[in-house]
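Pasting work01.txt here (compact mmCIF, C-alpha atoms and all ligand atoms):
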```txt
# COMPACT_ATOMS: atom_id res chain seq x y z
CA MET A 19 254.86 -133.92 -72.90
CA ASN A 20 252.07 -135.73 -74.71
CA PRO A 21 250.45 -138.16 -72.24
CA ASN A 22 249.29 -140.40 -75.09
CA PHE A 23 251.37 -142.60 -77.34
CA THR A 24 250.17 -144.20 -80.57
CA ILE A 25 250.33 -147.99 -80.80
CA GLY A 26 248.88 -148.50 -84.27
CA ARG A 27 245.94 -148.11 -86.61
CA ILE A 28 242.85 -150.26 -87.15
CA ALA A 29 240.75 -149.53 -90.26
CA GLY A 30 242.63 -146.23 -90.53
CA ILE A 31 241.64 -145.19 -86.99
CA ARG A 32 244.57 -144.20 -84.77
CA ILE A 33 244.78 -146.16 -81.49
CA SER A 34 246.65 -144.53 -78.59
CA LEU A 35 247.42 -145.41 -75.01
CA ASN A 36 247.48 -142.91 -72.17
CA TRP A 37 250.27 -143.51 -69.66
CA SER A 38 247.66 -143.90 -66.89
CA TRP A 39 246.52 -147.05 -68.69
CA LEU A 40 249.76 -148.84 -67.77
CA ILE A 41 249.06 -148.30 -64.06
CA VAL A 42 245.46 -149.48 -64.40
CA PHE A 43 246.56 -152.54 -66.36
CA ALA A 44 248.96 -153.46 -63.55
CA ILE A 45 246.25 -152.92 -60.88
CA VAL A 46 243.73 -155.04 -62.81
CA VAL A 47 246.22 -157.91 -63.24
CA TRP A 48 247.21 -157.70 -59.57
CA SER A 49 243.65 -157.72 -58.23
CA LEU A 50 242.69 -160.63 -60.53
CA VAL A 51 245.74 -162.70 -59.53
CA ALA A 52 245.64 -161.90 -55.80
CA ASP A 53 241.89 -161.69 -55.08
CA VAL A 54 239.34 -162.37 -57.79
CA PHE A 55 240.49 -165.70 -59.28
CA PRO A 56 241.62 -167.36 -56.00
CA ALA A 57 238.18 -166.54 -54.53
CA GLU A 58 236.25 -167.59 -57.64
CA ASP A 59 238.20 -170.79 -58.45
CA PRO A 60 240.04 -171.96 -55.32
CA GLY A 61 242.71 -174.68 -55.32
CA LEU A 62 244.69 -173.72 -58.45
CA SER A 63 248.44 -173.03 -58.50
CA LYS A 64 249.92 -169.51 -58.26
CA THR A 65 251.26 -169.78 -61.80
CA THR A 66 247.79 -170.65 -63.09
CA TYR A 67 246.29 -167.59 -61.37
CA ALA A 68 249.05 -165.40 -62.88
CA VAL A 69 248.37 -166.72 -66.41
CA MET A 70 244.61 -166.31 -65.91
CA GLY A 71 245.08 -162.75 -64.61
CA VAL A 72 247.29 -161.56 -67.46
CA ALA A 73 245.17 -163.25 -70.14
CA ALA A 74 241.91 -161.89 -68.70
CA ALA A 75 243.31 -158.34 -68.40
CA VAL A 76 244.60 -158.37 -72.02
CA VAL A 77 241.26 -159.63 -73.38
CA PHE A 78 239.38 -157.14 -71.16
CA PHE A 79 241.29 -154.22 -72.68
CA LEU A 80 240.77 -155.67 -76.18
CA SER A 81 237.04 -155.71 -75.34
CA ILE A 82 237.19 -152.01 -74.45
CA LEU A 83 239.01 -151.34 -77.72
CA LEU A 84 236.30 -153.19 -79.67
CA HIS A 85 233.61 -151.19 -77.82
CA GLU A 86 235.29 -147.91 -78.88
CA LEU A 87 235.84 -149.18 -82.44
CA GLY A 88 232.08 -149.83 -82.53
CA HIS A 89 231.49 -146.12 -81.83
CA ALA A 90 234.19 -145.03 -84.29
CA ILE A 91 233.09 -147.19 -87.22
CA VAL A 92 229.42 -146.21 -86.89
CA ALA A 93 230.50 -142.56 -86.56
CA ARG A 94 232.41 -142.79 -89.80
CA ARG A 95 229.40 -144.37 -91.51
CA ASN A 96 227.42 -141.35 -90.35
CA GLY A 97 229.84 -139.00 -92.04
CA MET A 98 231.84 -137.96 -88.97
CA GLU A 99 235.61 -137.65 -88.97
CA ILE A 100 237.39 -139.57 -86.22
CA GLU A 101 240.45 -138.20 -84.49
CA GLY A 102 241.33 -141.56 -82.93
CA ILE A 103 240.75 -143.84 -79.95
CA THR A 104 242.61 -143.44 -76.67
CA LEU A 105 242.68 -146.07 -73.94
CA TRP A 106 243.19 -144.48 -70.55
CA LEU A 107 242.43 -144.74 -66.84
CA PHE A 108 238.74 -145.62 -67.01
CA GLY A 109 238.57 -147.41 -70.33
CA GLY A 110 238.43 -145.91 -73.77
CA VAL A 111 237.45 -142.69 -75.46
CA ALA A 112 236.64 -142.27 -79.14
CA GLN A 113 237.53 -138.71 -80.12
CA PHE A 114 235.40 -137.00 -82.71
CA LYS A 115 236.59 -134.04 -84.74
CA GLU A 116 233.20 -132.39 -85.01
CA MET A 117 229.71 -132.25 -83.52
CA PHE A 118 227.07 -134.87 -84.18
CA LYS A 119 225.20 -134.12 -87.38
CA SER A 120 221.71 -135.12 -86.15
CA PRO A 121 219.96 -136.74 -83.15
CA GLY A 122 219.69 -139.96 -85.17
CA ALA A 123 223.45 -139.98 -85.84
CA GLU A 124 224.27 -139.39 -82.17
CA PHE A 125 221.88 -142.17 -81.12
CA ARG A 126 223.41 -144.70 -83.53
CA ILE A 127 226.98 -143.75 -82.59
CA GLY A 128 226.19 -143.77 -78.84
CA ILE A 129 224.47 -147.17 -78.84
CA ALA A 130 227.06 -148.90 -81.07
CA GLY A 131 229.62 -149.39 -78.25
CA PRO A 132 227.16 -150.93 -75.75
CA CYS A 133 225.94 -153.27 -78.54
CA VAL A 134 229.52 -154.54 -78.97
CA SER A 135 229.85 -155.05 -75.18
CA LEU A 136 226.53 -156.93 -75.09
CA VAL A 137 227.61 -159.32 -77.85
CA LEU A 138 231.00 -159.89 -76.17
CA GLY A 139 229.44 -160.37 -72.71
CA LEU A 140 226.90 -162.92 -73.97
CA ALA A 141 229.57 -164.74 -76.02
CA PHE A 142 231.95 -165.09 -73.04
CA VAL A 143 229.22 -166.11 -70.56
CA GLY A 144 227.81 -168.53 -73.14
CA ALA A 145 231.22 -170.08 -73.79
CA ALA A 146 231.83 -170.45 -70.04
CA ALA A 147 228.41 -172.00 -69.40
CA LEU A 148 228.24 -174.37 -72.36
CA THR A 149 231.77 -175.79 -72.34
CA THR A 150 233.96 -177.56 -69.81
CA PHE A 151 237.55 -176.91 -70.88
CA SER A 152 239.27 -176.54 -67.53
CA THR A 153 238.53 -174.68 -64.29
CA ALA A 154 241.07 -172.03 -65.24
CA LEU A 155 239.78 -171.35 -68.76
CA ASN A 156 236.11 -171.47 -67.77
CA GLY A 157 236.80 -169.16 -64.82
CA THR A 158 238.59 -166.67 -67.10
CA LEU A 159 235.78 -166.77 -69.69
CA PHE A 160 233.16 -166.28 -66.98
CA TRP A 161 234.94 -163.22 -65.55
CA LEU A 162 235.29 -161.73 -69.06
CA GLY A 163 231.56 -162.19 -69.63
CA TYR A 164 230.77 -160.59 -66.27
CA ILE A 165 233.09 -157.60 -66.80
CA ASN A 166 231.70 -156.89 -70.29
CA ILE A 167 228.12 -156.92 -68.97
CA PHE A 168 229.23 -154.62 -66.15
CA LEU A 169 230.87 -152.28 -68.71
CA LEU A 170 227.63 -152.34 -70.72
CA LEU A 171 225.44 -151.42 -67.73
CA PHE A 172 227.80 -148.72 -66.46
CA ASN A 173 228.04 -147.10 -69.88
CA LEU A 174 224.26 -147.11 -70.23
CA LEU A 175 223.76 -144.81 -67.20
CA PRO A 176 221.89 -141.78 -68.62
CA ALA A 177 224.79 -139.49 -67.70
CA LEU A 178 226.62 -137.41 -70.30
CA PRO A 179 229.40 -138.07 -71.45
CA LEU A 180 228.67 -141.80 -70.95
CA ASP A 181 226.97 -143.65 -73.83
CA GLY A 182 223.62 -143.68 -72.05
CA GLY A 183 223.93 -139.90 -71.70
CA ARG A 184 224.41 -139.62 -75.48
CA VAL A 185 221.31 -141.73 -76.03
CA LEU A 186 219.37 -139.53 -73.60
CA ARG A 187 220.61 -136.32 -75.25
CA SER A 188 219.76 -137.56 -78.74
CA ALA A 189 216.20 -138.40 -77.59
CA LEU A 190 215.74 -134.98 -75.94
CA TRP A 191 217.34 -133.25 -78.93
CA LYS A 192 214.97 -135.09 -81.28
CA ALA A 193 211.93 -134.33 -79.12
CA LYS A 194 212.47 -130.57 -78.84
CA GLY A 195 214.93 -129.81 -81.62
CA ASP A 196 217.12 -127.91 -79.16
CA PHE A 197 220.69 -129.25 -78.88
CA ALA A 198 221.80 -126.85 -76.13
CA TRP A 199 218.83 -127.63 -73.89
CA ALA A 200 219.26 -131.39 -74.42
CA THR A 201 222.96 -131.07 -73.53
CA ARG A 202 222.14 -129.15 -70.36
CA ILE A 203 219.71 -131.82 -69.11
CA ALA A 204 221.94 -134.80 -70.00
CA ALA A 205 225.02 -133.12 -68.46
CA THR A 206 223.05 -132.34 -65.28
CA PHE A 207 222.32 -136.08 -65.01
CA GLY A 208 226.04 -136.67 -65.54
CA ARG A 209 226.92 -134.41 -62.59
CA LEU A 210 224.19 -135.99 -60.47
CA PHE A 211 225.56 -139.50 -61.05
CA GLY A 212 229.06 -138.15 -60.39
CA TYR A 213 228.00 -136.83 -56.95
CA LEU A 214 226.12 -140.07 -56.18
CA MET A 215 229.16 -142.21 -56.97
CA ILE A 216 231.48 -140.03 -54.89
CA ALA A 217 229.06 -140.20 -51.94
CA ALA A 218 228.47 -143.95 -52.28
CA GLY A 219 232.21 -144.59 -52.67
CA ALA A 220 233.09 -142.49 -49.60
CA LEU A 221 230.36 -144.10 -47.43
CA SER A 222 231.30 -147.63 -48.42
CA PHE A 223 234.99 -146.89 -47.83
CA VAL A 224 234.15 -145.76 -44.28
CA ALA A 225 232.09 -148.93 -43.77
CA TYR A 226 234.23 -151.58 -45.52
CA ARG A 227 237.68 -150.02 -46.14
CA SER A 228 237.72 -151.66 -49.59
CA VAL A 229 239.76 -150.44 -52.56
CA GLY A 230 236.69 -150.91 -54.76
CA SER A 231 234.91 -148.05 -52.99
CA LEU A 232 237.81 -145.71 -53.73
CA TRP A 233 237.56 -146.65 -57.40
CA LEU A 234 233.85 -145.83 -57.35
CA ALA A 235 234.54 -142.39 -55.83
CA LEU A 236 237.34 -141.75 -58.36
CA ILE A 237 235.10 -142.67 -61.32
CA GLY A 238 232.39 -140.39 -59.86
CA TRP A 239 234.90 -137.55 -59.63
CA PHE A 240 235.94 -138.10 -63.26
CA LEU A 241 232.30 -138.16 -64.37
CA LEU A 242 231.60 -134.92 -62.51
CA GLY A 243 234.43 -133.14 -64.33
CA ALA A 244 233.60 -134.57 -67.75
CA ALA A 245 229.91 -133.69 -67.40
CA GLY A 246 230.90 -130.13 -66.42
CA GLY A 247 232.97 -129.93 -69.63
CA GLU A 248 230.02 -131.10 -71.73
CA ARG A 249 227.80 -128.54 -70.03
CA SER A 250 230.08 -125.64 -70.92
CA VAL A 251 230.30 -126.83 -74.53
CA GLY A 252 226.48 -126.77 -74.51
CA ARG A 253 226.48 -123.23 -73.09
CA VAL A 254 228.88 -121.99 -75.76
CA HIS A 255 226.72 -123.45 -78.51
CA GLU A 256 223.65 -121.88 -76.95
CA ALA A 257 225.31 -118.46 -76.88
CA LEU A 258 226.45 -118.70 -80.51
CA GLU A 259 223.07 -119.98 -81.75
CA GLY A 260 221.83 -118.13 -84.83
CA LEU A 261 225.06 -116.17 -85.30
CA HIS A 262 227.11 -116.33 -88.49
CA VAL A 263 230.79 -115.83 -89.16
CA ARG A 264 229.99 -112.41 -90.71
CA ASP A 265 228.56 -111.22 -87.36
CA LEU A 266 231.75 -111.95 -85.45
CA MET A 267 234.67 -111.59 -87.84
CA THR A 268 237.08 -108.66 -88.00
CA ARG A 269 236.19 -106.95 -91.29
CA GLU A 270 238.60 -105.57 -93.86
CA PRO A 271 241.73 -106.75 -92.06
CA VAL A 272 245.11 -105.22 -92.88
CA VAL A 273 246.74 -107.59 -95.35
CA ALA A 274 250.38 -108.50 -95.93
CA PRO A 275 251.48 -108.40 -99.59
CA ALA A 276 253.04 -111.76 -100.43
CA ASP A 277 256.01 -110.21 -102.19
CA ALA A 278 256.87 -107.52 -99.63
CA THR A 279 259.93 -108.18 -97.46
CA PHE A 280 259.57 -108.55 -93.70
CA SER A 281 261.07 -105.09 -93.09
CA GLU A 282 258.95 -103.37 -95.75
CA PHE A 283 255.82 -104.87 -94.22
CA SER A 284 256.92 -104.08 -90.66
CA ASP A 285 257.63 -100.44 -91.60
CA SER A 286 254.27 -100.08 -93.35
CA LEU A 287 252.39 -100.89 -90.14
CA GLY A 288 251.53 -97.96 -87.89
CA ALA A 289 252.13 -98.38 -84.17
CA LEU A 290 248.37 -98.80 -83.66
CA ASN A 291 248.06 -101.47 -86.24
CA ARG A 292 249.58 -104.42 -84.47
CA HIS A 293 247.75 -107.75 -84.74
CA ASN A 294 248.93 -111.29 -84.19
CA THR A 295 248.46 -112.45 -87.75
CA TYR A 296 247.76 -110.94 -91.15
CA PRO A 297 246.13 -112.51 -94.21
CA VAL A 298 248.61 -112.79 -97.07
CA VAL A 299 247.35 -111.79 -100.52
CA SER A 300 248.80 -111.58 -103.99
CA ASN A 301 246.79 -110.05 -106.88
CA GLY A 302 243.59 -110.37 -104.86
CA GLU A 303 244.19 -114.07 -104.17
CA VAL A 304 244.36 -115.27 -100.54
CA LEU A 305 247.51 -117.33 -99.95
CA GLY A 306 247.67 -117.86 -96.18
CA LEU A 307 248.32 -116.20 -92.83
CA PHE A 308 251.45 -114.31 -91.79
CA PRO A 309 252.23 -114.68 -88.07
CA PHE A 310 253.49 -111.31 -86.86
CA GLY A 311 255.55 -113.04 -84.19
CA ALA A 312 257.95 -113.80 -87.04
CA VAL A 313 258.61 -110.05 -87.23
CA ASP A 314 257.64 -108.46 -83.97
CA GLY A 315 260.25 -108.26 -81.24
CA HIS A 316 262.99 -109.76 -83.40
CA PRO A 317 265.82 -107.57 -84.58
CA LEU A 318 265.08 -107.90 -88.28
CA GLY A 319 268.73 -108.07 -89.35
CA GLU A 320 269.22 -110.88 -91.82
CA TRP A 321 265.48 -111.73 -91.67
CA GLY A 322 264.49 -108.31 -92.99
CA ASP A 323 265.10 -109.29 -96.61
CA ARG A 324 262.97 -112.41 -96.52
CA LEU A 325 259.61 -112.31 -98.29
CA VAL A 326 256.28 -112.52 -96.49
CA ARG A 327 255.34 -115.52 -98.65
CA GLU A 328 258.34 -117.42 -97.26
CA GLY A 329 257.31 -116.83 -93.65
CA MET A 330 253.56 -117.41 -93.98
CA ILE A 331 251.40 -120.35 -92.92
CA GLY A 332 250.02 -121.74 -96.18
CA ARG A 333 246.32 -121.75 -96.98
CA ASP A 334 246.14 -125.55 -96.71
CA ARG A 335 246.97 -125.31 -92.98
CA VAL A 336 244.55 -122.49 -92.15
CA ALA A 337 240.80 -122.79 -91.52
CA ILE A 338 238.84 -121.07 -94.32
CA PHE A 339 235.28 -119.94 -93.66
CA ASP A 340 232.54 -118.46 -95.75
CA SER A 341 231.01 -115.36 -94.16
CA GLU A 342 227.63 -117.17 -94.23
CA ASP A 343 228.89 -120.20 -92.21
CA SER A 344 227.35 -120.69 -88.77
CA ALA A 345 229.41 -119.47 -85.82
CA GLU A 346 228.92 -122.83 -84.05
CA ASP A 347 230.59 -124.79 -86.88
CA ALA A 348 233.37 -122.19 -87.09
CA LEU A 349 234.07 -122.59 -83.36
CA ASP A 350 234.44 -126.39 -83.69
CA GLN A 351 236.92 -125.93 -86.53
CA LEU A 352 238.94 -123.21 -84.80
CA VAL A 353 239.20 -125.20 -81.58
CA ALA A 354 240.26 -128.34 -83.49
CA GLY A 355 242.89 -126.41 -85.49
CA GLU A 356 246.35 -125.46 -84.29
CA ILE A 357 246.37 -121.74 -85.08
CA GLY A 358 243.17 -120.53 -83.43
CA ARG A 359 242.23 -118.24 -86.31
CA GLY A 360 240.91 -118.56 -89.83
CA LEU A 361 240.36 -116.60 -93.03
CA VAL A 362 236.90 -115.54 -94.10
CA VAL A 363 236.20 -115.46 -97.84
CA HIS A 364 233.06 -114.82 -99.84
CA ASP A 365 232.83 -115.18 -103.62
CA ASP A 366 236.59 -115.86 -103.64
CA GLN A 367 237.29 -112.48 -102.03
CA LEU A 368 238.90 -112.03 -98.62
CA VAL A 369 236.29 -110.34 -96.42
CA GLY A 370 237.64 -110.84 -92.90
CA ILE A 371 239.56 -112.80 -90.33
CA LEU A 372 238.05 -114.81 -87.46
CA SER A 373 239.82 -115.81 -84.25
CA VAL A 374 238.91 -117.71 -81.11
CA SER A 375 239.08 -114.36 -79.27
CA ASP A 376 236.44 -112.87 -81.62
CA LEU A 377 234.14 -115.73 -80.63
CA LYS A 378 235.03 -115.34 -76.95
CA ARG A 379 234.19 -111.63 -77.05
CA ALA A 380 230.78 -112.44 -78.53
CA LEU A 381 230.20 -115.04 -75.81
CA ASP A 382 231.13 -112.62 -73.03
CA GLN A 383 228.77 -109.98 -74.43
CA ARG A 384 225.87 -112.38 -74.81
CA THR A 385 226.23 -113.87 -71.34
CA ALA A 386 226.59 -110.40 -69.78
CA PHE A 387 223.44 -109.35 -71.61
CA ARG A 388 221.49 -112.30 -70.25
CA ARG A 389 222.43 -111.67 -66.62
ZN ZN A 401 231.03 -146.26 -75.22
```
Is it possible to give me this structure as structure tokens?
Amino acid sequence: MNPNFTIGRIAGIRISLNWSWLIVFAIVVWSLVADVFPAEDPGLSKTTYAVMGVAAAVVFFLSILLHELGHAIVARRNGMEIEGITLWLFGGVAQFKEMFKSPGAEFRIGIAGPCVSLVLGLAFVGAAALTTFSTALNGTLFWLGYINIFLLLFNLLPALPLDGGRVLRSALWKAKGDFAWATRIAATFGRLFGYLMIAAGALSFVAYRSVGSLWLALIGWFLLGAAGGERSVGRVHEALEGLHVRDLMTREPVVAPADATFSEFSDSLGALNRHNTYPVVSNGEVLGLFPFGAVDGHPLGEWGDRLVREGMIGRDRVAIFDSEDSAEDALDQLVAGEIGRGLVVHDDQLVGILSVSDLKRALDQRTAFRR
């Protein structure tokens, strides 16, 4: 089951909600209605607190969406493709389809979200301070200003994958020109802040028994995991550094003729020659990939007369690499794709096939070598 559902598009960017968001939305409304607003603005009716709570929570989540849109729009201006924005448990995540193109691009994309939060925070605080609408409206505006400033400061912690961590990594990356090293440092900060938050949350829960301390520990735990993920991505890139697709691909793969039938092709393969997929060619032209699962293990029967070209995955749905492409870029594309393998061509000729397992083998060898 997909935990995210799409609610719409803004400027062509897909906006999704994670189911966990519904729970958080309910908790935020409840804590605003039951605790925050009665303490901040005493003496109002229960209905007023309920309206304030729902309105503030809706605008708060719109603020998070605007923060993420800030990242996404600047990313697109810097030539990066955007997968979409997902709102979930701890706010929002803008998903990028590829790696940052340069330290400057990562800096601009990383700082764009906090800039949006700063503008929103100042606007709400300003509106609350300079106007006197009603206690309820001013109280709501004040809380929105406060929460946006809080969001800004939290996101600016120099802890990857938070925005401040991106800013830190881009600065380190720029200073030394080494992406993997910069990732390692910024992700270590991420794990450090994760441990600190868990410890602080646990201690304050023992002392005060407040729900807020559990939230702090939970956010720390999330940060710890996310920073670990960033660190392993950094390690993979480090291990693939300087390698090209030609170094890792399987050369001269067995090909499936587009106009052979399933049974002809199956018979032509020796017992030792079983792979998962085969490039499909016709008159030297590469047409796509033939998944052997379509043949293997099935009694051919009525399928036996079908042509390979009818069962193949077309070229438009398969990653195509040049043998001179960098292994790091190829990995990003293979991981983002659905098939986990791609065709390697050079001068319009098929020269090999590259799969995630080819890259994994290279990684295992390199890390074993280093030990
Ligand atoms: Zn952000």
Residue nearest Glu328 in chain A among A:Thr279, A:Thr268, A:Ser300, A:Ala348 (counting all atoms listed in the file):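 The closest residue to Glu328 in chain A is A:Thr279.
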Nearest to Asp382 in chain A, chosen from A:Val254, A:Ala147, A:Ile33, A:Met267, with all atoms listed in the file counted in the distances: A:Val254
Give the residues close to ligand ZN 401 (chain A), within 9 Å, counting only C-alpha atoms and all ligand atoms; write them as a JSON list (two decimals) with C-alpha atoms, keeping the file's coordinate frame.
```
[["chain", "number", "residue", "atom", "x", "y", "z"],
["A", 82, "ILE", "CA", 237.19, -152.01, -74.45],
["A", 85, "HIS", "CA", 233.61, -151.19, -77.82],
["A", 86, "GLU", "CA", 235.29, -147.91, -78.88],
["A", 88, "GLY", "CA", 232.08, -149.83, -82.53],
["A", 89, "HIS", "CA", 231.49, -146.12, -81.83],
["A", 110, "GLY", "CA", 238.43, -145.91, -73.77],
["A", 111, "VAL", "CA", 237.45, -142.69, -75.46],
["A", 112, "ALA", "CA", 236.64, -142.27, -79.14],
["A", 127, "ILE", "CA", 226.98, -143.75, -82.59],
["A", 128, "GLY", "CA", 226.19, -143.77, -78.84],
["A", 129, "ILE", "CA", 224.47, -147.17, -78.84],
["A", 130, "ALA", "CA", 227.06, -148.90, -81.07],
["A", 131, "GLY", "CA", 229.62, -149.39, -78.25],
["A", 132, "PRO", "CA", 227.16, -150.93, -75.75],
["A", 135, "SER", "CA", 229.85, -155.05, -75.18],
["A", 169, "LEU", "CA", 230.87, -152.28, -68.71],
["A", 170, "LEU", "CA", 227.63, -152.34, -70.72],
["A", 173, "ASN", "CA", 228.04, -147.10, -69.88],
["A", 174, "LEU", "CA", 224.26, -147.11, -70.23],
["A", 180, "LEU", "CA", 228.67, -141.80, -70.95],
["A", 181, "ASP", "CA", 226.97, -143.65, -73.83],
["A", 182, "GLY", "CA", 223.62, -143.68, -72.05]]
```
Who sits within 12 Å of Phe23 in chain A, only C-alpha atoms, same chain under 2 positions skipped, as a VMD selection string: chain A and resid 19 to 21 25 to 26 32 to 40 102 to 106
Atom-to-atom span, CA of Gly306 in chain A and CA of Gly360 in chain A, Å: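 Straight-line distance from CA of Gly306 in chain A to CA of Gly360 in chain A works out to 9.3 Å.
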